[in-house]
file data_37.txt (compact mmCIF, C-alpha atoms (C1' of nucleotides))
# COMPACT_ATOMS: atom_id res chain seq x y z
CA MET A 188 7.41 -2.15 15.98
CA PRO A 189 5.96 -1.03 12.67
CA THR A 190 8.83 -0.28 10.39
CA SER A 191 6.92 0.78 7.28
CA SER A 192 5.62 4.30 6.83
CA ARG A 193 4.03 3.54 3.48
CA PHE A 194 0.48 3.96 4.71
CA ALA A 195 1.20 7.42 6.09
CA VAL A 196 2.94 8.43 2.88
CA ALA A 197 0.17 6.99 0.72
CA VAL A 198 -2.52 8.91 2.63
CA HIS A 199 -0.38 12.02 2.32
CA ILE A 200 -0.10 11.60 -1.45
CA LEU A 201 -3.81 10.97 -1.91
CA THR A 202 -4.73 13.89 0.31
CA TYR A 203 -2.49 16.03 -1.84
CA LEU A 204 -4.23 14.85 -5.01
CA ALA A 205 -7.68 15.24 -3.46
CA ARG A 206 -7.05 18.86 -2.56
CA ASP A 207 -6.82 19.81 -6.21
CA ARG A 208 -8.37 17.39 -8.63
CA LYS A 209 -8.39 19.87 -11.50
CA ARG A 210 -4.90 19.07 -12.67
CA ALA A 211 -2.33 16.30 -12.54
CA HIS A 212 0.44 16.60 -9.94
CA ARG A 213 4.01 15.63 -10.63
CA SER A 214 5.84 13.26 -8.28
CA GLU A 215 8.42 15.97 -7.69
CA GLU A 216 5.78 18.41 -6.52
CA ILE A 217 4.24 15.86 -4.15
CA ALA A 218 7.67 14.84 -2.89
CA GLY A 219 8.22 18.43 -1.82
CA SER A 220 5.24 18.27 0.51
CA ILE A 221 6.38 14.96 2.00
CA SER A 222 10.06 15.89 2.11
CA THR A 223 11.21 12.84 0.29
CA ASN A 224 12.52 11.72 -3.07
CA PRO A 225 10.25 11.84 -6.16
CA SER A 226 11.10 8.23 -6.87
CA VAL A 227 9.72 7.17 -3.50
CA VAL A 228 6.47 8.90 -4.38
CA ARG A 229 6.35 7.19 -7.77
CA ARG A 230 6.98 3.83 -6.16
CA ILE A 231 3.96 4.24 -3.90
CA LEU A 232 1.89 5.76 -6.69
CA GLY A 233 2.61 2.54 -8.56
CA ASP A 234 0.92 0.55 -5.77
CA LEU A 235 -1.98 2.96 -5.66
CA ALA A 236 -2.47 2.81 -9.43
CA ARG A 237 -2.42 -1.00 -9.34
CA ALA A 238 -5.15 -0.80 -6.69
CA GLY A 239 -7.18 1.45 -8.97
CA LEU A 240 -6.98 4.50 -6.73
CA THR A 241 -4.95 6.74 -9.01
CA THR A 242 -4.08 7.20 -12.64
CA SER A 243 -1.09 8.89 -14.22
CA GLN A 244 -0.33 10.89 -17.30
CA LEU A 245 3.02 11.13 -19.05
CA GLY A 246 4.55 14.13 -20.72
CA LYS A 247 4.17 17.83 -20.19
CA GLY A 248 1.33 18.70 -17.84
CA GLY A 249 1.35 15.08 -16.70
CA GLY A 250 1.42 13.59 -13.23
CA ALA A 251 -0.93 11.71 -10.92
CA LEU A 252 -4.68 12.04 -10.54
CA LEU A 253 -7.24 10.56 -8.20
CA ALA A 254 -9.13 7.81 -10.00
CA ARG A 255 -12.37 8.50 -8.12
CA GLY A 256 -13.89 10.82 -5.58
CA PRO A 257 -12.25 11.01 -2.13
CA LYS A 258 -15.55 10.05 -0.52
CA LYS A 259 -15.34 6.74 -2.34
CA ILE A 260 -11.83 5.85 -1.16
CA SER A 261 -11.64 4.25 2.28
CA LEU A 262 -8.53 4.24 4.41
CA LEU A 263 -8.71 0.46 4.40
CA GLU A 264 -8.32 0.39 0.63
CA ILE A 265 -5.29 2.61 0.95
CA PHE A 266 -3.81 0.41 3.65
CA ASN A 267 -4.36 -2.74 1.62
CA ALA A 268 -2.83 -1.13 -1.43
CA VAL A 269 0.50 -0.39 0.18
CA GLU A 270 0.98 -2.51 3.31
CA ASP A 271 1.18 -6.16 4.27
CA GLN A 272 -2.11 -7.63 5.33
CA SER A 273 -0.84 -8.85 8.69
CA LEU A 274 -0.22 -6.70 11.75
CA VAL A 275 1.28 -9.45 13.89
CA ALA A 276 4.22 -11.65 12.97
CA MET A 277 4.65 -15.29 13.88
CA HIS A 278 7.93 -16.88 14.98
CA ARG A 279 10.74 -15.91 12.66
CA THR A 280 11.90 -19.53 12.47
CA PRO A 281 9.42 -22.40 12.87
CA PRO A 282 9.11 -23.76 16.42
CA SER A 283 9.92 -27.35 17.35
CA ARG A 284 7.66 -29.91 15.73
CA SER A 285 8.46 -32.42 18.44
CA CYS A 286 6.61 -30.36 21.06
CA ASP A 287 2.81 -30.18 21.29
CA ILE A 288 2.94 -26.43 21.73
CA GLY A 289 5.53 -25.84 19.05
CA ARG A 290 3.55 -27.91 16.60
CA THR A 291 0.20 -26.24 17.15
CA ILE A 292 0.64 -22.72 18.46
CA GLN A 293 0.95 -20.90 15.18
CA PRO A 294 -2.49 -21.68 13.73
CA VAL A 295 -4.04 -21.08 17.15
CA LEU A 296 -2.38 -17.69 17.48
CA GLN A 297 -3.10 -16.77 13.90
CA SER A 298 -6.82 -17.36 14.25
CA ILE A 299 -6.91 -15.16 17.33
CA THR A 300 -4.83 -12.35 15.90
CA LYS A 301 -6.94 -12.47 12.75
CA THR A 302 -10.02 -11.46 14.70
CA ALA A 303 -8.10 -8.54 16.20
CA GLU A 304 -6.75 -7.52 12.82
CA ASP A 305 -10.24 -7.71 11.39
CA ALA A 306 -11.44 -5.30 14.07
CA PHE A 307 -8.62 -2.95 13.09
CA PHE A 308 -9.51 -3.17 9.40
CA ALA A 309 -13.22 -2.75 10.04
CA GLU A 310 -12.51 0.48 11.86
CA LEU A 311 -10.20 1.75 9.12
CA GLU A 312 -12.93 1.06 6.62
CA THR A 313 -15.25 3.55 8.30
CA TYR A 314 -12.98 6.43 7.30
CA SER A 315 -12.72 7.87 3.83
CA LEU A 316 -10.05 10.00 2.22
CA LYS A 317 -12.62 12.78 2.32
CA ASP A 318 -12.57 12.64 6.14
CA VAL A 319 -8.83 13.16 6.09
CA VAL A 320 -9.06 16.05 3.64
CA ARG A 321 -11.70 17.70 5.80
CA SER A 322 -9.67 17.32 9.00
CA VAL A 323 -6.55 18.62 7.32
CA GLN A 324 -8.43 21.63 6.06
CA THR A 325 -9.82 22.35 9.49
CA ALA A 326 -6.41 21.96 11.10
CA ALA A 327 -4.72 24.12 8.47
CA ALA A 328 -7.23 26.93 8.95
CA ALA A 329 -6.48 27.08 12.68
CA MET B 262 5.35 -5.14 7.58
CA PRO B 263 5.50 -6.37 11.18
CA THR B 264 9.10 -7.01 11.92
CA SER B 265 8.83 -8.14 15.52
CA SER B 266 7.86 -11.67 16.52
CA ARG B 267 8.02 -10.94 20.23
CA PHE B 268 4.32 -11.29 20.81
CA ALA B 269 4.23 -14.75 19.24
CA VAL B 270 7.26 -15.84 21.23
CA ALA B 271 5.86 -14.39 24.47
CA VAL B 272 2.57 -16.23 24.06
CA HIS B 273 4.52 -19.38 23.28
CA ILE B 274 6.58 -19.02 26.47
CA LEU B 275 3.54 -18.35 28.63
CA THR B 276 1.61 -21.23 27.11
CA TYR B 277 4.56 -23.43 27.93
CA LEU B 278 4.55 -22.28 31.54
CA ALA B 279 0.77 -22.59 31.81
CA ARG B 280 0.81 -26.21 30.70
CA ASP B 281 2.73 -27.23 33.80
CA ARG B 282 2.56 -24.83 36.66
CA LYS B 283 3.87 -27.36 39.20
CA ARG B 284 7.51 -26.62 38.58
CA ALA B 285 9.76 -23.88 37.26
CA HIS B 286 10.95 -24.17 33.65
CA ARG B 287 14.45 -23.25 32.56
CA SER B 288 14.99 -20.87 29.65
CA GLU B 289 16.94 -23.61 27.89
CA GLU B 290 14.00 -25.99 28.09
CA ILE B 291 11.58 -23.38 26.75
CA ALA B 292 14.03 -22.39 24.02
CA GLY B 293 13.93 -25.98 22.81
CA SER B 294 10.21 -25.75 22.17
CA ILE B 295 10.57 -22.45 20.35
CA SER B 296 13.74 -23.40 18.49
CA THR B 297 15.67 -20.38 19.58
CA ASN B 298 18.44 -19.31 21.90
CA PRO B 299 17.89 -19.45 25.70
CA SER B 300 19.05 -15.87 25.93
CA VAL B 301 16.26 -14.74 23.63
CA VAL B 302 13.79 -16.46 25.94
CA ARG B 303 15.32 -14.81 28.99
CA ARG B 304 15.18 -11.42 27.30
CA ILE B 305 11.44 -11.75 26.73
CA LEU B 306 10.91 -13.29 30.17
CA GLY B 307 12.48 -10.10 31.49
CA ASP B 308 9.72 -8.05 29.86
CA LEU B 309 7.06 -10.43 31.12
CA ALA B 310 8.40 -10.32 34.66
CA ARG B 311 8.49 -6.51 34.60
CA ALA B 312 4.83 -6.63 33.55
CA GLY B 313 4.07 -8.89 36.50
CA LEU B 314 3.14 -11.90 34.42
CA THR B 315 5.96 -14.23 35.45
CA THR B 316 8.45 -14.76 38.24
CA SER B 317 11.80 -16.51 38.20
CA GLN B 318 13.89 -18.58 40.54
CA LEU B 319 17.65 -18.90 40.49
CA GLY B 320 19.76 -21.95 41.21
CA LYS B 321 19.11 -25.63 40.83
CA GLY B 322 15.46 -26.42 40.14
CA GLY B 323 15.02 -22.80 39.14
CA GLY B 324 13.43 -21.24 36.10
CA ALA B 325 10.32 -19.27 35.20
CA LEU B 326 6.83 -19.55 36.64
CA LEU B 327 3.48 -18.00 35.79
CA ALA B 328 2.73 -15.25 38.30
CA ARG B 329 -1.02 -15.87 38.16
CA GLY B 330 -3.62 -18.12 36.64
CA PRO B 331 -3.81 -18.27 32.83
CA LYS B 332 -7.46 -17.26 32.98
CA LYS B 333 -6.35 -13.96 34.49
CA ILE B 334 -3.80 -13.11 31.80
CA SER B 335 -5.22 -11.46 28.68
CA LEU B 336 -3.48 -11.46 25.33
CA LEU B 337 -3.57 -7.67 25.46
CA GLU B 338 -1.44 -7.67 28.60
CA ILE B 339 1.05 -9.92 26.88
CA PHE B 340 1.11 -7.71 23.81
CA ASN B 341 1.64 -4.59 25.86
CA ALA B 342 4.41 -6.26 27.82
CA VAL B 343 6.56 -7.01 24.81
CA GLU B 344 5.54 -4.86 21.85
CA ASP B 345 5.35 -1.20 20.92
CA GLN B 346 1.96 0.34 21.47
CA SER B 347 1.57 1.58 17.92
CA LEU B 348 0.64 -0.54 14.92
CA VAL B 349 1.02 2.18 12.32
CA ALA B 350 4.09 4.32 11.71
CA MET B 351 4.08 7.95 10.63
CA HIS B 352 6.48 9.47 8.07
CA ARG B 353 10.05 8.46 8.79
CA THR B 354 11.21 12.06 8.38
CA PRO B 355 8.88 14.98 9.16
CA PRO B 356 6.97 16.33 6.14
CA SER B 357 7.30 19.90 4.90
CA ARG B 358 6.10 22.51 7.34
CA SER B 359 5.56 24.98 4.53
CA CYS B 360 2.67 22.95 3.16
CA ASP B 361 -0.79 22.82 4.73
CA ILE B 362 -0.96 19.08 4.35
CA GLY B 363 2.60 18.45 5.49
CA ARG B 364 2.04 20.57 8.55
CA THR B 365 -1.19 18.95 9.69
CA ILE B 366 -1.48 15.43 8.39
CA GLN B 367 0.32 13.62 11.16
CA PRO B 368 -2.02 14.45 14.05
CA VAL B 369 -5.01 13.87 11.78
CA LEU B 370 -3.76 10.46 10.75
CA GLN B 371 -2.73 9.57 14.26
CA SER B 372 -6.14 10.24 15.70
CA ILE B 373 -7.74 8.03 13.06
CA THR B 374 -5.28 5.18 13.39
CA LYS B 375 -5.64 5.33 17.14
CA THR B 376 -9.30 4.39 16.91
CA ALA B 377 -8.38 1.44 14.70
CA GLU B 378 -5.60 0.38 17.05
CA ASP B 379 -8.00 0.62 19.96
CA ALA B 380 -10.37 -1.75 18.17
CA PHE B 381 -7.48 -4.16 17.73
CA PHE B 382 -6.53 -3.95 21.39
CA ALA B 383 -10.11 -4.30 22.59
CA GLU B 384 -10.42 -7.53 20.66
CA LEU B 385 -7.12 -8.88 21.99
CA GLU B 386 -8.35 -8.18 25.47
CA THR B 387 -11.22 -10.60 25.08
CA TYR B 388 -8.81 -13.53 24.88
CA SER B 389 -6.97 -15.05 27.82
CA LEU B 390 -3.90 -17.24 27.96
CA LYS B 391 -6.27 -19.98 29.07
CA ASP B 392 -8.02 -19.79 25.69
CA VAL B 393 -4.71 -20.35 23.95
CA VAL B 394 -3.83 -23.28 26.20
CA ARG B 395 -7.18 -24.86 25.55
CA SER B 396 -6.91 -24.48 21.76
CA VAL B 397 -3.38 -25.84 21.77
CA GLN B 398 -4.51 -28.85 23.76
CA THR B 399 -7.37 -29.49 21.38
CA ALA B 400 -5.11 -29.12 18.35
CA ALA B 401 -2.41 -31.34 19.86
CA ALA B 402 -4.91 -34.12 20.60
CA ALA B 403 -6.02 -34.24 16.99
C1' DT C 45 8.06 14.52 -36.49
C1' DG C 46 11.15 16.05 -33.19
C1' DT C 47 11.98 17.96 -28.45
C1' DG C 48 11.08 18.27 -23.85
C1' DT C 49 8.78 16.35 -19.89
C1' DA C 50 7.04 12.93 -16.87
C1' DT C 51 6.32 8.24 -15.44
C1' DG C 52 7.59 3.38 -14.04
C1' DT C 53 10.89 0.35 -12.58
C1' DA C 54 15.25 -1.64 -11.71
C1' DA C 55 19.49 -1.66 -9.18
C1' DC C 56 22.09 -0.27 -5.54
C1' DC C 57 23.16 1.82 -0.90
C1' DA C 58 22.74 3.41 3.75
C1' DA C 59 20.29 3.25 7.97
C1' DC C 60 17.82 0.84 11.19
C1' DA C 61 15.75 -2.90 13.89
C1' DA C 62 15.25 -7.67 15.32
C1' DA C 63 16.89 -11.84 16.74
C1' DG C 64 20.86 -14.78 17.41
C1' DT C 65 25.12 -15.28 19.98
C1' DT C 66 28.55 -14.92 23.53
C1' DA C 67 29.97 -13.76 27.91
C1' DC C 68 29.71 -12.97 32.61
C1' DA C 69 28.27 -11.05 37.16
C1' DT C 70 24.97 -12.44 40.54
C1' DA C 71 22.19 -15.27 43.45
C1' DA C 72 19.92 -19.51 45.08
C1' DG C 73 20.23 -24.58 46.55
C1' DG C 74 22.25 -28.28 48.42
C1' DC D 2 31.77 -24.19 48.32
C1' DC D 3 30.23 -25.73 43.99
C1' DT D 4 26.77 -26.18 40.78
C1' DT D 5 22.98 -24.25 38.44
C1' DA D 6 20.17 -20.75 36.69
C1' DT D 7 18.90 -15.99 35.77
C1' DG D 8 19.48 -11.17 33.95
C1' DT D 9 21.76 -8.17 31.13
C1' DA D 10 25.22 -6.15 28.28
C1' DA D 11 27.75 -6.22 24.05
C1' DC D 12 28.38 -7.70 19.58
C1' DT D 13 27.12 -9.95 15.09
C1' DT D 14 24.05 -11.37 11.56
C1' DT D 15 20.13 -10.78 8.88
C1' DG D 16 16.29 -8.55 6.86
C1' DT D 17 13.58 -4.52 5.57
C1' DT D 18 12.80 0.27 4.49
C1' DG D 19 13.46 4.26 2.29
C1' DG D 20 16.77 7.15 -0.28
C1' DT D 21 19.32 7.56 -4.56
C1' DT D 22 20.59 7.10 -9.27
C1' DA D 23 19.74 5.84 -13.80
C1' DC D 24 17.24 5.02 -17.80
C1' DA D 25 13.79 3.12 -21.11
C1' DT D 26 9.24 4.44 -22.42
C1' DA D 27 5.47 7.32 -23.64
C1' DC D 28 2.84 11.41 -24.16
C1' DA D 29 2.17 16.58 -25.37
C1' DC D 30 2.86 19.97 -28.22
C1' DA D 31 5.09 23.01 -31.27

call {"tool": "encode", "arguments": {"input": "data_37.txt", "output": "structure tokens"}}
result
Amino acid sequence: MPTSSRFAVAVHILTYLARDRKRAHRSEEIAGSISTNPSVVRRILGDLARAGLTTSQLGKGGGALLARGPKKISLLEIFNAVEDQSLVAMHRTPPSRSCDIGRTIQPVLQSITKTAEDAFFAELETYSLKDVVRSVQTAAAA
Amino acid sequence: MPTSSRFAVAVHILTYLARDRKRAHRSEEIAGSISTNPSVVRRILGDLARAGLTTSQLGKGGGALLARGPKKISLLEIFNAVEDQSLVAMHRTPPSRSCDIGRTIQPVLQSITKTAEDAFFAELETYSLKDVVRSVQTAAAA
DNA sequence: TGTGTATGTAACCAACAAAGTTACATAAGG
DNA sequence: CCTTATGTAACTTTGTTGGTTACATACACA
């Protein structure tokens, strides 16, 4: 069902930046690790910069940098920076207003799915970018 | 991000059936409440029947029926019957295997997102179709 | 102050998925 | 039998994503 891979790509980018914070990394370099187009990376870096998670430098030696320590960046922040806030879609076209159910089901369903989404987000918030970096390092060593 | 509205439509259908369990309801009748095509309703009813949530009768007076009481149908069962089991997508094309991060990030990310998805599912499980019917009735009365 | 390098963003395209639509074989009811 | 309804397949339409190209802008540094 989920058609967007932006979250996965965003975490990948940030993990890449977190691994070496000493210098800026070009979108082309990052794109090589993801196997995608540099412009796709820049598009997502745009979202991340707007969310205050990264900064960028132009010109020679330029590229993207983490705006703060990986321990201070939660996966929820990353998710919110690049994905829609809703995990469950309502009817594509509005249901019949001349039926009790059609008229009322959407708010009812939305309030229920919101509690489930909140549980999802609360769990995501318990993980930091640092956790990902650590797991990747462990996995890469093996 | 979520591109499927199947869950919303499935809950709508089941709420419709739960409101009047005395008789079978035709797909055309249900489609009127949803404002969609009867064939779309039948397609989703197919999933619901395979999951054991509904039954159908052919011929005159036929249509769909709830297979058990609405108190015994959780929203999680409905979700599982009609939607993919994953809320978060990985990279669309596999990342570079010649990079530590590219090689290892997917399993790392998947194990984290699984815990968040599980929290979502656990919360959905606490709601029954009966809860939806009750809320719809309350909302419709107002 | 000029040259090279990198970003940010817009515009467009191709690929994919979802829902809408049409059609029809099949089975139940009377 | 004839009508009614489902179940499913096939096709079309629509929307979204990511890939691609292009380019204006800005910074670094010689």

call {"tool": "residues_around", "arguments": {"input": "data_37.txt", "residues": "DC56 (chain C)", "least_positions_apart": "5", "cutoff": "12 Å", "atoms": "all atoms listed in the file", "output": "list in words"}}
result
DG20, DT21, DT22 and DA23 of chain D

call {"tool": "interface_residues", "arguments": {"input": "data_37.txt", "of": "chain C", "to": "chain A", "cutoff": "12 Å", "atoms": "only C-alpha atoms (C1' of nucleotides)", "output": "list in words"}}
result
DT47, DG48, DT49, DA50, DT51, DG52, DT53, DA54, DC60, DA61, DA62, DA63 and DG64 of chain C

call {"tool": "calpha_fit_rmsd", "arguments": {"input": "data_37.txt", "fixed": "chain B", "moving": "chain A"}}
result
0.1 Å

call {"tool": "interface_residues", "arguments": {"input": "data_37.txt", "of": "chain A", "to": "chain B", "cutoff": "7 Å", "atoms": "only C-alpha atoms", "output": "PyMOL selection string"}}
result
chain A and resi 188-192+195-196+219-222+270-271+274-279+282-283+286-289+291-292+295+303-304+306-307+310-311+319+322-323+326-327

call {"tool": "write_last_selection", "arguments": {"input": "data_37.txt", "atoms": "C-alpha atoms", "output": "PDB file, in the frame of the given file"}}
result
ATOM      1  CA  MET A 188       7.410  -2.150  15.980  1.00  0.00           C
ATOM      2  CA  PRO A 189       5.960  -1.030  12.670  1.00  0.00           C
ATOM      3  CA  THR A 190       8.830  -0.280  10.390  1.00  0.00           C
ATOM      4  CA  SER A 191       6.920   0.780   7.280  1.00  0.00           C
ATOM      5  CA  SER A 192       5.620   4.300   6.830  1.00  0.00           C
ATOM      6  CA  ALA A 195       1.200   7.420   6.090  1.00  0.00           C
ATOM      7  CA  VAL A 196       2.940   8.430   2.880  1.00  0.00           C
ATOM      8  CA  GLY A 219       8.220  18.430  -1.820  1.00  0.00           C
ATOM      9  CA  SER A 220       5.240  18.270   0.510  1.00  0.00           C
ATOM     10  CA  ILE A 221       6.380  14.960   2.000  1.00  0.00           C
ATOM     11  CA  SER A 222      10.060  15.890   2.110  1.00  0.00           C
ATOM     12  CA  GLU A 270       0.980  -2.510   3.310  1.00  0.00           C
ATOM     13  CA  ASP A 271       1.180  -6.160   4.270  1.00  0.00           C
ATOM     14  CA  LEU A 274      -0.220  -6.700  11.750  1.00  0.00           C
ATOM     15  CA  VAL A 275       1.280  -9.450  13.890  1.00  0.00           C
ATOM     16  CA  ALA A 276       4.220 -11.650  12.970  1.00  0.00           C
ATOM     17  CA  MET A 277       4.650 -15.290  13.880  1.00  0.00           C
ATOM     18  CA  HIS A 278       7.930 -16.880  14.980  1.00  0.00           C
ATOM     19  CA  ARG A 279      10.740 -15.910  12.660  1.00  0.00           C
ATOM     20  CA  PRO A 282       9.110 -23.760  16.420  1.00  0.00           C
ATOM     21  CA  SER A 283       9.920 -27.350  17.350  1.00  0.00           C
ATOM     22  CA  CYS A 286       6.610 -30.360  21.060  1.00  0.00           C
ATOM     23  CA  ASP A 287       2.810 -30.180  21.290  1.00  0.00           C
ATOM     24  CA  ILE A 288       2.940 -26.430  21.730  1.00  0.00           C
ATOM     25  CA  GLY A 289       5.530 -25.840  19.050  1.00  0.00           C
ATOM     26  CA  THR A 291       0.200 -26.240  17.150  1.00  0.00           C
ATOM     27  CA  ILE A 292       0.640 -22.720  18.460  1.00  0.00           C
ATOM     28  CA  VAL A 295      -4.040 -21.080  17.150  1.00  0.00           C
ATOM     29  CA  ALA A 303      -8.100  -8.540  16.200  1.00  0.00           C
ATOM     30  CA  GLU A 304      -6.750  -7.520  12.820  1.00  0.00           C
ATOM     31  CA  ALA A 306     -11.440  -5.300  14.070  1.00  0.00           C
ATOM     32  CA  PHE A 307      -8.620  -2.950  13.090  1.00  0.00           C
ATOM     33  CA  GLU A 310     -12.510   0.480  11.860  1.00  0.00           C
ATOM     34  CA  LEU A 311     -10.200   1.750   9.120  1.00  0.00           C
ATOM     35  CA  VAL A 319      -8.830  13.160   6.090  1.00  0.00           C
ATOM     36  CA  SER A 322      -9.670  17.320   9.000  1.00  0.00           C
ATOM     37  CA  VAL A 323      -6.550  18.620   7.320  1.00  0.00           C
ATOM     38  CA  ALA A 326      -6.410  21.960  11.100  1.00  0.00           C
ATOM     39  CA  ALA A 327      -4.720  24.120   8.470  1.00  0.00           C
TER      40      ALA A 327
END

call {"tool": "atom_distance", "arguments": {"input": "data_37.txt", "atom1": "CA of Ile231 (chain A)", "atom2": "C1' of DC28 (chain D)"}}
result
21.5 Å

call {"tool": "residues_around", "arguments": {"input": "data_37.txt", "residues": "Ile260 (chain A)", "least_positions_apart": "6", "cutoff": "8 Å", "atoms": "all atoms listed in the file", "output": "list of chain:residue names"}}
result
A:Leu240, A:Ser315, A:Leu316, A:Lys317

call {"tool": "atom_distance", "arguments": {"input": "data_37.txt", "atom1": "CA of Leu278 (chain B)", "atom2": "CA of Leu327 (chain B)"}}
result
6.1 Å

call {"tool": "atom_distance", "arguments": {"input": "data_37.txt", "atom1": "C1' of DT70 (chain C)", "atom2": "C1' of DT5 (chain D)"}}
result
12.2 Å

call {"tool": "closest_atom_pairs", "arguments": {"input": "data_37.txt", "of": "chain D", "to": "chain B", "cutoff": "12 Å", "atoms": "all atoms listed in the file", "output": "tab-separated table"}}
result
residue	atom	partner	partner_atom	distance
D:DC3	C1'	B:Gly320	CA	11.5
D:DT4	C1'	B:Lys321	CA	7.7
D:DT5	C1'	B:Lys321	CA	4.8
D:DA6	C1'	B:Gly320	CA	4.7
D:DT7	C1'	B:Leu319	CA	5.7
D:DG8	C1'	B:Arg303	CA	7.4
D:DT9	C1'	B:Arg304	CA	8.3
D:DA10	C1'	B:Arg304	CA	11.4
D:DG16	C1'	B:Thr264	CA	8.9
D:DT17	C1'	B:Thr264	CA	8.2
D:DT18	C1'	B:Arg353	CA	9.7
D:DG19	C1'	B:Arg353	CA	8.5
D:DG20	C1'	B:Arg353	CA	11.4

call {"tool": "axis_aligned_box", "arguments": {"input": "data_37.txt", "around": "region 4-16 of chain D", "padding_each_side": "8 Å", "output": "AutoDock Vina command-line options"}}
result
--center_x 22.3 --center_y -16.2 --center_z 23.8 --size_x 28.1 --size_y 36.0 --size_z 49.9
